[in-house]
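Enquirer: My structure is stored as run.txt, with compact mmCIF, C-alpha atoms.
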```
# COMPACT_ATOMS: atom_id res chain seq x y z
CA MET A 1 83.78 116.44 115.39
CA ASP A 2 87.27 114.99 115.55
CA ARG A 3 87.71 111.51 114.11
CA PRO A 4 88.88 108.77 116.50
CA PRO A 5 92.58 107.89 116.30
CA ILE A 6 93.54 105.41 113.59
CA SER A 7 94.97 102.13 114.83
CA LEU A 8 98.43 102.16 113.28
CA ASP A 9 98.68 98.36 113.48
CA GLU A 10 95.49 97.83 111.48
CA LEU A 11 95.88 100.10 108.48
CA SER A 12 94.19 98.97 105.30
CA TYR A 13 92.52 100.93 102.56
CA ARG A 14 90.44 100.28 99.46
CA PRO A 15 90.46 103.32 97.15
CA ALA A 16 87.06 104.40 95.93
CA GLY A 17 85.95 102.51 92.85
CA LYS A 18 88.91 100.11 92.91
CA THR A 19 88.96 96.33 93.23
CA TYR A 20 92.14 96.08 95.29
CA THR A 21 93.02 96.71 98.91
CA LEU A 22 96.21 98.38 100.12
CA ARG A 23 97.69 97.02 103.32
CA GLU A 24 100.80 95.56 104.91
CA ALA A 25 102.24 92.23 103.75
CA GLN A 26 101.15 89.50 106.15
CA THR A 27 102.81 86.25 105.08
CA ILE A 28 106.03 84.79 103.71
CA ARG A 29 104.15 84.04 100.48
CA GLU A 30 103.21 87.68 100.07
CA LEU A 31 106.80 88.72 100.70
CA ASP A 32 107.91 86.29 98.01
CA GLU A 33 105.40 87.88 95.65
CA VAL A 34 106.93 91.28 96.45
CA HIS A 35 110.34 89.98 95.37
CA ARG A 36 108.85 88.43 92.21
CA ILE A 37 107.01 91.60 91.20
CA THR A 38 110.16 93.63 91.83
CA HIS A 39 112.11 91.31 89.52
CA ASP A 40 109.45 91.14 86.81
CA SER A 41 108.84 94.88 86.68
CA ILE A 42 112.57 95.62 86.34
CA VAL A 43 112.95 93.02 83.60
CA GLU A 44 109.84 94.29 81.81
CA ALA A 45 111.27 97.82 81.82
CA GLY A 46 114.45 96.54 80.15
CA TYR A 47 116.80 97.47 82.99
CA MET A 48 117.96 93.94 83.72
CA PRO A 49 117.90 90.47 82.10
CA PRO A 50 115.86 87.79 83.88
CA GLN A 51 117.63 86.47 86.96
CA CYS A 52 117.87 82.90 88.20
CA GLY A 53 114.89 82.19 90.42
CA GLY A 54 112.91 85.16 89.14
CA ARG A 55 113.28 87.12 92.36
CA ILE A 56 115.10 90.32 93.36
CA ILE A 57 115.60 91.26 97.01
CA SER A 58 116.62 94.86 96.58
CA TYR A 59 117.64 95.68 100.15
CA PRO A 60 117.83 92.43 102.17
CA GLU A 61 119.06 94.26 105.25
CA LEU A 62 115.83 96.27 105.41
CA ASP A 63 113.21 93.56 104.90
CA PRO A 64 113.54 92.10 108.44
CA SER A 65 113.95 95.47 110.14
CA PRO A 66 111.20 96.30 112.66
CA LEU A 67 111.33 99.82 111.22
CA THR A 68 110.27 98.60 107.76
CA THR A 69 106.69 98.40 106.55
CA ILE A 70 106.20 96.38 103.37
CA LEU A 71 103.03 97.49 101.65
CA VAL A 72 101.10 95.47 99.11
CA ALA A 73 98.09 95.93 96.87
CA VAL A 74 95.98 92.77 96.91
CA GLU A 75 93.21 91.83 94.48
CA GLU A 76 91.29 88.58 94.93
CA GLY A 77 94.09 87.21 97.11
CA ARG A 78 96.86 88.05 94.62
CA VAL A 79 99.59 90.64 95.22
CA ILE A 80 99.55 93.07 92.28
CA GLY A 81 101.69 95.93 93.58
CA THR A 82 104.09 96.89 96.33
CA ASN A 83 106.08 99.63 97.99
CA SER A 84 108.10 99.78 101.21
CA ILE A 85 108.68 102.39 103.89
CA THR A 86 111.47 102.26 106.45
CA GLY A 87 112.31 104.57 109.30
CA ASP A 88 115.88 105.62 109.98
CA GLY A 89 117.69 103.61 112.61
CA PRO A 90 120.38 100.93 113.10
CA PHE A 91 119.63 99.36 109.70
CA GLY A 92 119.85 102.70 107.90
CA LEU A 93 117.87 103.71 104.83
CA HIS A 94 117.94 102.35 101.30
CA THR A 95 119.58 105.59 100.11
CA ASP A 96 122.66 104.75 102.19
CA ARG A 97 123.76 102.29 99.50
CA HIS A 98 124.24 104.69 96.60
CA PHE A 99 123.79 108.11 98.22
CA LYS A 100 125.53 107.73 101.56
CA ALA A 101 127.09 111.19 101.78
CA GLU A 102 123.86 112.89 100.75
CA THR A 103 121.80 110.84 103.21
CA ASP A 104 124.18 111.63 106.06
CA ALA A 105 124.04 115.33 105.20
CA ILE A 106 120.25 115.29 105.53
CA ARG A 107 120.52 113.30 108.77
CA ALA A 108 122.72 116.10 110.10
CA GLU A 109 119.75 118.47 109.72
CA GLY A 110 118.15 116.60 112.62
CA ARG A 111 114.95 115.76 110.76
CA LYS A 112 112.88 112.61 111.29
CA LEU A 113 113.68 110.53 108.21
CA VAL A 114 111.99 107.71 106.36
CA SER A 115 112.72 106.30 102.94
CA SER A 116 110.31 104.97 100.36
CA PHE A 117 111.58 102.27 98.03
CA ARG A 118 110.73 99.33 95.78
CA ILE A 119 107.53 100.66 94.27
CA ALA A 120 106.43 98.22 91.57
CA THR A 121 103.37 96.73 89.94
CA ASP A 122 102.81 93.33 88.37
CA PRO A 123 103.64 93.67 84.64
CA ARG A 124 100.67 91.44 83.85
CA TRP A 125 98.45 94.43 84.52
CA SER A 126 97.66 96.79 81.67
CA ALA A 127 99.66 100.02 81.50
CA ARG A 128 96.54 102.09 82.18
CA ARG A 129 95.59 100.14 85.28
CA SER A 130 99.20 100.05 86.49
CA LEU A 131 99.46 103.84 86.38
CA ALA A 132 96.36 104.19 88.55
CA LEU A 133 97.73 101.56 90.95
CA VAL A 134 101.10 103.32 91.19
CA MET A 135 99.31 106.55 92.10
CA ASP A 136 97.25 104.80 94.76
CA MET A 137 100.37 103.08 96.15
CA LEU A 138 102.19 106.41 96.26
CA LYS A 139 99.37 108.10 98.15
CA TRP A 140 99.00 105.19 100.55
CA SER A 141 102.76 105.09 101.19
CA TYR A 142 102.78 108.79 102.05
CA PHE A 143 99.78 108.29 104.33
CA VAL A 144 101.42 105.40 106.19
CA ALA A 145 104.70 107.32 106.49
CA TRP A 146 102.75 110.24 107.95
CA LYS A 147 100.55 108.30 110.36
CA LYS A 148 102.91 105.51 111.39
CA TYR A 149 106.28 107.28 111.32
CA ASP A 150 105.33 110.96 111.67
CA PHE A 151 108.08 111.69 109.14
CA GLU A 152 109.52 115.11 108.42
CA THR A 153 111.55 114.15 105.33
CA MET A 154 111.06 111.19 103.01
CA LEU A 155 113.99 110.09 100.85
CA CYS A 156 113.25 108.36 97.56
CA THR A 157 115.07 107.13 94.48
CA PHE A 158 113.43 107.08 91.07
CA ASN A 159 114.25 106.61 87.44
CA PRO A 160 115.40 110.06 86.30
CA LYS A 161 112.61 110.20 83.70
CA HIS A 162 110.09 110.46 86.56
CA GLU A 163 111.90 113.32 88.31
CA GLY A 164 109.51 116.00 87.06
CA VAL A 165 106.41 114.04 88.02
CA TYR A 166 107.40 113.81 91.68
CA ALA A 167 108.52 117.41 91.72
CA ARG A 168 105.09 118.54 90.56
CA LEU A 169 103.03 116.11 92.62
CA LEU A 170 104.90 116.25 95.93
CA ALA A 171 107.24 119.24 95.63
CA ALA A 172 110.07 116.70 95.77
CA ARG A 173 113.52 118.24 95.39
CA THR A 174 116.41 116.60 93.61
CA VAL A 175 119.40 115.81 95.81
CA LYS A 176 121.67 113.96 93.37
CA LEU A 177 121.53 112.23 90.01
CA LEU A 178 123.45 109.04 89.18
CA ASP A 179 123.88 107.96 85.58
CA VAL A 180 124.39 104.33 86.65
CA MET A 181 123.89 102.64 90.02
CA GLU A 182 127.20 100.84 90.47
CA GLY A 183 127.17 97.42 92.13
CA ASP A 184 123.63 96.48 91.12
CA HIS A 185 122.40 94.23 88.34
CA ILE A 186 120.24 97.10 87.07
CA ALA A 187 121.54 99.00 84.05
CA ALA A 188 119.77 102.27 84.83
CA GLY A 189 120.38 105.63 86.43
CA ALA A 190 118.68 106.95 89.55
CA VAL A 191 117.78 110.27 91.04
CA MET A 192 117.62 110.77 94.80
CA MET A 193 114.87 113.16 95.87
CA ARG A 194 113.65 114.48 99.19
CA ILE A 195 110.06 115.15 100.14
CA ASP A 196 109.71 117.55 103.07
CA ARG A 197 106.32 117.20 104.66
CA GLU A 198 105.84 120.90 105.28
CA ARG A 199 106.37 121.58 101.57
CA THR A 200 103.77 119.07 100.39
CA PRO A 201 101.28 120.80 98.06
CA ALA A 202 97.89 121.58 99.56
CA ALA A 203 96.07 119.48 96.94
CA PHE A 204 98.02 116.37 97.96
CA VAL A 205 97.47 117.10 101.67
CA ALA A 206 93.73 117.29 100.95
CA GLU A 207 93.91 113.82 99.40
CA MET A 208 95.57 112.54 102.57
CA GLU A 209 92.68 113.95 104.58
CA GLN A 210 90.24 112.17 102.29
CA ILE A 211 92.09 108.89 102.80
CA GLU A 212 92.02 109.44 106.55
CA ALA A 213 88.25 109.84 106.37
CA ARG A 214 87.88 106.63 104.34
CA VAL A 215 90.48 104.43 105.93
CA ALA A 216 89.21 101.06 107.15
CA THR A 217 90.86 98.75 109.66
CA GLY A 218 91.23 95.06 108.87
CA SER A 219 92.94 92.14 110.58
CA ALA A 220 95.81 93.00 112.93
CA LEU A 221 98.78 94.11 110.85
CA GLY A 222 101.89 94.85 112.86
CA GLY A 223 105.45 95.45 111.68
CA TYR A 224 107.03 93.05 109.18
CA GLY A 225 108.92 91.15 111.83
CA GLN A 226 105.75 90.66 113.87
CA THR A 227 103.55 89.48 110.99
CA ILE A 228 106.14 87.13 109.51
CA ALA A 229 106.86 85.69 112.94
CA ARG A 230 103.14 85.06 113.44
CA SER A 231 102.90 83.34 110.05
CA LEU A 232 105.66 80.93 111.07
CA ALA A 233 104.23 80.19 114.50
```
Please rewrite the model in this file as structure tokens.
Expert:
Amino acid sequence: MDRPPISLDELSYRPAGKTYTLREAQTIRELDEVHRITHDSIVEAGYMPPQCGGRIISYPELDPSPLTTILVAVEEGRVIGTNSITGDGPFGLHTDRHFKAETDAIRAEGRKLVSSFRIATDPRWSARRSLALVMDMLKWSYFVAWKKYDFETMLCTFNPKHEGVYARLLAARTVKLLDVMEGDHIAAGAVMMRIDRERTPAAFVAEMEQIEARVATGSALGGYGQTIARSLA
């Protein structure tokens, strides 16, 4: 029997055996926690000294975009991890900043594009638990990009040391490698990769089907602009 359609405005998910829930950010406070975790994780990795205010807003033009979904992992009311998905449109994609020519070349293929960016976990978590959380965030991000955006190609940027991991897990292909991302505070390189949905390995697709079977709907979670506007009402 076919499963009923998933409500795309009410996506939330608790992975089996885990104590956290993955969903969309709902409040200004949660968005602030996203910016704090982004800052703290970059500092912890040694890519940047601590910044005034302890916050980093990586792509301020994308946060308020109605095409952006800011995902969070929440445990006992505390944000412990994050990732963001944005669909291509007037605000562009995060890859336009450092990989503009390459992003435009992929646009010219006529594919439905999204980008995945700002994946981070709270450094106060142990390394073992953070790795599991990153994997759950990655799977959930792919699932949301599939169900909410019906993407054909996802563009991502990673630390080059993770290039092989994403190639094996998602059949991601390297587009371009930068030794240093000019214009940012971060002293690190980046690799742009593309994930074409039709090339996704069967094992990962099977995990998406398992998530679809387990997905639970929670309180109404619309796009970022809708939820933040409601929180200020």
Enquirer: Using all atoms listed in the file, can you tell me which of A:Lys161, A:Arg55, A:His94, A:Arg14 comes closest to Glu212 in chain A?
Expert: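 Going through A:Lys161, A:Arg55, A:His94, A:Arg14 one by one, the smallest distance to Glu212 in chain A is for A:Arg14.
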Enquirer: For the atom pair CA of Val79 in chain A and CA of Ala167 in chain A, what is the interatomic distance in Å to one decimal place?
Expert: 28.4 Å
Enquirer: Please identify all polymer residues lying at most 10 Å from the point (108.9, 88.9, 90.6) (file coordinates), using all atoms listed in the file, and present the result as number ranges by chain.
Expert: A: 32-43, 50-51, 53-57, 120-123
Enquirer: Write a file of the just-selected residues containing C-alpha atoms, as a PDB file, keeping the file's coordinate frame.
Expert:
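Output (result.pdb):
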```pdb
ATOM      1  CA  ASP A  32     107.910  86.290  98.010  1.00  0.00           C
ATOM      2  CA  GLU A  33     105.400  87.880  95.650  1.00  0.00           C
ATOM      3  CA  VAL A  34     106.930  91.280  96.450  1.00  0.00           C
ATOM      4  CA  HIS A  35     110.340  89.980  95.370  1.00  0.00           C
ATOM      5  CA  ARG A  36     108.850  88.430  92.210  1.00  0.00           C
ATOM      6  CA  ILE A  37     107.010  91.600  91.200  1.00  0.00           C
ATOM      7  CA  THR A  38     110.160  93.630  91.830  1.00  0.00           C
ATOM      8  CA  HIS A  39     112.110  91.310  89.520  1.00  0.00           C
ATOM      9  CA  ASP A  40     109.450  91.140  86.810  1.00  0.00           C
ATOM     10  CA  SER A  41     108.840  94.880  86.680  1.00  0.00           C
ATOM     11  CA  ILE A  42     112.570  95.620  86.340  1.00  0.00           C
ATOM     12  CA  VAL A  43     112.950  93.020  83.600  1.00  0.00           C
ATOM     13  CA  PRO A  50     115.860  87.790  83.880  1.00  0.00           C
ATOM     14  CA  GLN A  51     117.630  86.470  86.960  1.00  0.00           C
ATOM     15  CA  GLY A  53     114.890  82.190  90.420  1.00  0.00           C
ATOM     16  CA  GLY A  54     112.910  85.160  89.140  1.00  0.00           C
ATOM     17  CA  ARG A  55     113.280  87.120  92.360  1.00  0.00           C
ATOM     18  CA  ILE A  56     115.100  90.320  93.360  1.00  0.00           C
ATOM     19  CA  ILE A  57     115.600  91.260  97.010  1.00  0.00           C
ATOM     20  CA  ALA A 120     106.430  98.220  91.570  1.00  0.00           C
ATOM     21  CA  THR A 121     103.370  96.730  89.940  1.00  0.00           C
ATOM     22  CA  ASP A 122     102.810  93.330  88.370  1.00  0.00           C
ATOM     23  CA  PRO A 123     103.640  93.670  84.640  1.00  0.00           C
TER      24      PRO A 123
END
```
Enquirer: Rounded to one decimal, what separation in Å do you get between CA of Arg197 in chain A and CA of Leu178 in chain A?
Expert: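 About the pair CA of Arg197 in chain A and CA of Leu178 in chain A: they are 24.5 Å apart.
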Enquirer: Fewer than 5 positions away in the same chain doesn't count, so skip those; otherwise give me all residues within 10 Å of Arg111 in chain A, counting all atoms listed in the file, as an NGL selection string.
Expert: :A and (106 or 151-154 or 196)
Enquirer: I want to know what sits within 10 Å of Lys139 in chain A, based on all atoms listed in the file, with residues of the same chain fewer than 5 positions away left out; could you give that as a list in words?
Expert: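 Non-adjacent residues within range: Leu133, Val134, Val144, Ala145, Phe204, Val205, Glu207, Met208 and Ile211 of chain A.
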Enquirer: Rounded to one decimal in Å, what is the spacing between CA of Val72 in chain A and CA of Glu30 in chain A?
Expert: 8.1 Å
Enquirer: Extract, using only C-alpha atoms, all DNA, RNA and protein residues at most 12 Å from Leu31 in chain A, discarding same-chain residues fewer than 4 positions from it, and format them as a compact mmCIF listing (two decimals) with C-alpha atoms, in the coordinates of the input.
Expert:
```
# COMPACT_ATOMS: atom_id res chain seq x y z
CA GLU A 24 100.80 95.56 104.91
CA ALA A 25 102.24 92.23 103.75
CA GLN A 26 101.15 89.50 106.15
CA THR A 27 102.81 86.25 105.08
CA HIS A 35 110.34 89.98 95.37
CA ARG A 36 108.85 88.43 92.21
CA ILE A 37 107.01 91.60 91.20
CA THR A 38 110.16 93.63 91.83
CA ARG A 55 113.28 87.12 92.36
CA ILE A 56 115.10 90.32 93.36
CA ILE A 57 115.60 91.26 97.01
CA PRO A 60 117.83 92.43 102.17
CA ASP A 63 113.21 93.56 104.90
CA PRO A 64 113.54 92.10 108.44
CA THR A 69 106.69 98.40 106.55
CA ILE A 70 106.20 96.38 103.37
CA LEU A 71 103.03 97.49 101.65
CA VAL A 72 101.10 95.47 99.11
CA ALA A 73 98.09 95.93 96.87
CA ARG A 78 96.86 88.05 94.62
CA VAL A 79 99.59 90.64 95.22
CA ILE A 80 99.55 93.07 92.28
CA GLY A 81 101.69 95.93 93.58
CA THR A 82 104.09 96.89 96.33
CA ASN A 83 106.08 99.63 97.99
CA SER A 84 108.10 99.78 101.21
CA TYR A 224 107.03 93.05 109.18
CA GLY A 225 108.92 91.15 111.83
CA THR A 227 103.55 89.48 110.99
CA ILE A 228 106.14 87.13 109.51
CA SER A 231 102.90 83.34 110.05
```
Enquirer: Within 9 Å of Val215 in chain A, counting all atoms listed in the file, which residues qualify if same-chain residues fewer than 4 places away don't, as a JSON list (two decimals) with C-alpha atoms, in the frame of the given file?
Expert:
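New file part_24.json:
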```json
[["chain", "number", "residue", "atom", "x", "y", "z"],
["A", 6, "ILE", "CA", 93.54, 105.41, 113.59],
["A", 11, "LEU", "CA", 95.88, 100.10, 108.48],
["A", 12, "SER", "CA", 94.19, 98.97, 105.30],
["A", 13, "TYR", "CA", 92.52, 100.93, 102.56],
["A", 14, "ARG", "CA", 90.44, 100.28, 99.46],
["A", 15, "PRO", "CA", 90.46, 103.32, 97.15],
["A", 210, "GLN", "CA", 90.24, 112.17, 102.29],
["A", 211, "ILE", "CA", 92.09, 108.89, 102.80]]
```
Enquirer: With all atoms listed in the file as the atoms that count, which of A:Met181, A:Met48, A:Ile85, A:Ala16 lies nearest to Lys147 in chain A?
Expert: A:Ile85
Enquirer: When you look at Thr174 in chain A with a cut-off of 10 Å (counting all atoms listed in the file), what residues show up, excluding the ones that are within fewer than 6 positions of it in the same chain? I need them as a ChimeraX atom specification.
Expert: /A:156-157,160,163-164,166-167,191-195
Enquirer: Here is a test: counting all atoms listed in the file, which residue of A:Asp150, A:Glu61, A:Asp96, A:Glu76 is nearest to Lys112 in chain A?
Expert: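 Nearest candidate to Lys112 in chain A out of A:Asp150, A:Glu61, A:Asp96, A:Glu76: A:Asp150.
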